[in-house]
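Notes to accompany the following structure.
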Amino acid sequence: MRAYDAHFVLVGQPNGQRPATTAALLATLLAAVVLLQLSLNGPMAVETRVPPGSSSSIEKANATSSMPVGQSERWGFGDPVVLVGDSLTEFSFEPKWFGFGLRLQAYFSRRNDVLNRGSQGITSQQLLSQYNDILTASVAAHQSPAAITIWVGTNDIINEISVENYVKNLKEMVKATQIKHPSTKIVIITPPPVSDESFARALRSYRDAALQLAKEAKLTALDTWQTFLGPNARWDKSVDKYFYDGVHFNSLGHDVFFKAIKTLLP
């Protein structure tokens, strides 16, 4: 008897005789279908499903991806960019103004995390006392930051920290970074040209000192005076449009600063 005739035997039994159960009938029909498949096409292919997230599924994804093998697993696991400083840094994650820190996080999406280590009201002296802890706690044991920005000085005048001590504190932070994370790019940012003219003129000496330090140490520097005032860096009242309180950035200030800082980061 041919395999594909099996079902006719069952349905063509003498009157009054029925299969013992419906299950038996279905099992016999299934067997007939399998035998027919084997006789016509050979063994049926069986698909093996791999759970998402397993090593096999990752290898399969890499094999079909247009990205270099291994690149996709590293998305979001690059060394972080660490922003260190006073309230100008702390407020960079302010949603109301779409702060430059938030913009950097979007800019570095799937490449590097951006960590905010700003503290309102902090001076260079206070930051120095916490700096080693920041270097240690901001990254995993096997990592070094891709870049660190150091932005202080605005509060030093208020707390009567001299330009000389300001520079000394910056040098100590730079040295600590270079010892612990020699591959990290350091970006020195100058105190900004705030809206109040007398305050801005006092800050200019700190700005000049920060730029000189960066030049001598062969570091990258962001001169906020040129960023907001143009190449001659001469203060005028036009800077007021970048601040909501004369010192801290509004949306326009964050936008201008973001465009300047992103070009200096790796």
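The way I read the labels, and the way they are meant: chains A, B, ... in the order of the structure tokens, residue 1 as the first residue of every chain, and ligand 1 as the first ligand shown, with later ones counted on from there.
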Requested in this report: Identify, on the basis of only C-alpha atoms, every residue whose closest approach to segment 206-218 of chain A does not exceed 7 Å; exclude the query and any residue fewer than 2 positions from it along the same chain; express the result as a list in words.
Outcome: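 So, after excluding close chain neighbours, the residues are Gly153, Val163, Val167, Ile188, Thr190, Pro191, Leu203, Arg204, Thr220 and Ala221 of chain A.
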Now that the selection is made, can you save its residues with N, CA, C and O atoms as a CSV table (one decimal), in the first residue's frame?
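result_15.csv was written with the following content:
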chain,number,residue,atom,x,y,z
A,153,GLY,N,36.1,79.5,38.6
A,153,GLY,CA,36.7,80.9,38.7
A,153,GLY,C,35.7,82.0,39.0
A,153,GLY,O,36.1,83.0,39.6
A,163,VAL,N,44.1,85.4,41.9
A,163,VAL,CA,44.4,84.8,40.6
A,163,VAL,C,45.5,83.8,40.8
A,163,VAL,O,45.5,82.7,40.1
A,167,VAL,N,45.2,79.8,39.7
A,167,VAL,CA,46.0,79.1,38.8
A,167,VAL,C,46.7,77.9,39.4
A,167,VAL,O,46.8,76.8,38.8
A,188,ILE,N,40.3,73.3,29.4
A,188,ILE,CA,40.2,74.4,30.4
A,188,ILE,C,39.2,75.4,29.8
A,188,ILE,O,39.4,75.9,28.7
A,190,THR,N,37.4,79.2,30.4
A,190,THR,CA,37.6,80.4,31.1
A,190,THR,C,36.3,80.9,31.8
A,190,THR,O,35.2,80.6,31.3
A,191,PRO,N,36.4,81.6,32.9
A,191,PRO,CA,35.2,82.3,33.4
A,191,PRO,C,34.6,83.2,32.4
A,191,PRO,O,35.3,83.8,31.6
A,203,LEU,N,36.8,89.5,36.4
A,203,LEU,CA,36.9,88.1,35.9
A,203,LEU,C,38.0,88.0,34.8
A,203,LEU,O,38.5,86.9,34.6
A,204,ARG,N,38.2,89.1,34.1
A,204,ARG,CA,39.1,89.0,32.9
A,204,ARG,C,40.5,88.6,33.3
A,204,ARG,O,41.1,87.8,32.5
A,220,THR,N,44.0,72.1,25.7
A,220,THR,CA,42.9,72.7,25.0
A,220,THR,C,42.2,73.7,25.9
A,220,THR,O,41.9,73.4,27.0
A,221,ALA,N,41.9,74.9,25.4
A,221,ALA,CA,41.2,75.9,26.1
A,221,ALA,C,40.0,76.4,25.3
A,221,ALA,O,40.1,76.6,24.1
Query raised in the report: What are the DSSP strand (DSSP E or B) residues of segment 117-193 of chain A, as a ChimeraX atom specification?
Result: /A:117-118,147-151,185-189
With N, CA and C atoms retained, could you export that selection as a PDB file, in the first residue's frame?
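Once written, again_0.pdb looks like this:
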ATOM      1  N   ARG A 117      29.373  66.903  36.824  1.00  0.00           N
ATOM      2  CA  ARG A 117      30.009  66.989  38.139  1.00  0.00           C
ATOM      3  C   ARG A 117      30.191  68.458  38.527  1.00  0.00           C
ATOM      4  N   GLY A 118      29.147  69.243  38.227  1.00  0.00           N
ATOM      5  CA  GLY A 118      29.145  70.649  38.612  1.00  0.00           C
ATOM      6  C   GLY A 118      28.496  70.828  39.969  1.00  0.00           C
ATOM      7  N   ALA A 147      37.248  62.732  27.982  1.00  0.00           N
ATOM      8  CA  ALA A 147      37.611  64.141  28.164  1.00  0.00           C
ATOM      9  C   ALA A 147      37.070  64.631  29.494  1.00  0.00           C
ATOM     10  N   ILE A 148      37.757  65.619  30.051  1.00  0.00           N
ATOM     11  CA  ILE A 148      37.290  66.317  31.248  1.00  0.00           C
ATOM     12  C   ILE A 148      37.334  67.818  30.967  1.00  0.00           C
ATOM     13  N   THR A 149      36.237  68.488  31.237  1.00  0.00           N
ATOM     14  CA  THR A 149      36.245  69.948  31.167  1.00  0.00           C
ATOM     15  C   THR A 149      36.335  70.497  32.588  1.00  0.00           C
ATOM     16  N   ILE A 150      37.190  71.486  32.786  1.00  0.00           N
ATOM     17  CA  ILE A 150      37.353  72.128  34.094  1.00  0.00           C
ATOM     18  C   ILE A 150      36.953  73.595  33.940  1.00  0.00           C
ATOM     19  N   TRP A 151      35.879  73.960  34.656  1.00  0.00           N
ATOM     20  CA  TRP A 151      35.323  75.302  34.469  1.00  0.00           C
ATOM     21  C   TRP A 151      34.980  75.916  35.826  1.00  0.00           C
ATOM     22  N   LYS A 185      41.626  63.732  27.545  1.00  0.00           N
ATOM     23  CA  LYS A 185      41.782  65.094  27.037  1.00  0.00           C
ATOM     24  C   LYS A 185      41.242  66.075  28.065  1.00  0.00           C
ATOM     25  N   ILE A 186      42.029  67.097  28.389  1.00  0.00           N
ATOM     26  CA  ILE A 186      41.637  68.114  29.370  1.00  0.00           C
ATOM     27  C   ILE A 186      41.295  69.401  28.636  1.00  0.00           C
ATOM     28  N   VAL A 187      40.133  69.944  28.941  1.00  0.00           N
ATOM     29  CA  VAL A 187      39.708  71.207  28.344  1.00  0.00           C
ATOM     30  C   VAL A 187      39.507  72.227  29.467  1.00  0.00           C
ATOM     31  N   ILE A 188      40.293  73.287  29.437  1.00  0.00           N
ATOM     32  CA  ILE A 188      40.159  74.377  30.400  1.00  0.00           C
ATOM     33  C   ILE A 188      39.192  75.420  29.821  1.00  0.00           C
ATOM     34  N   ILE A 189      38.189  75.798  30.615  1.00  0.00           N
ATOM     35  CA  ILE A 189      37.210  76.796  30.169  1.00  0.00           C
ATOM     36  C   ILE A 189      37.357  78.048  31.028  1.00  0.00           C
TER      37      ILE A 189
END
**Report entry** Nearest-residue call for Val139 of chain A, choices A:Pro80, A:Gly246, A:Gly230, A:Gly253, using only C-alpha atoms
**Finding:**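 The answer is A:Pro80, which sits nearest to Val139 of chain A.
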Requested in this report: With a distance cut-off of 12 Å and only C-alpha atoms, select the neighbouring residues of Ser195 of chain A, excluding the residue or stretch itself and same-chain residues fewer than 6 positions from it, and output the selection as number ranges by chain.
Outcome: A: 201, 203, 225, 228-229, 235-249
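Residues with any atom within 8 Å of segment 256-260 of chain A, counting only C-alpha atoms and excluding same-chain neighbours fewer than 5 positions away, are Phe100, Gly101, Arg103, Leu104, Leu222, Thr224, Thr227 and Phe228 of chain A.
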Requested in this report: Fewer than 6 positions away in the same chain doesn't count, so skip those; otherwise give me all residues within 10 Å of Thr177 of chain A, counting only C-alpha atoms, as a ChimeraX atom specification.
Outcome: /A:131-132,135,144-145,148,171,183-186
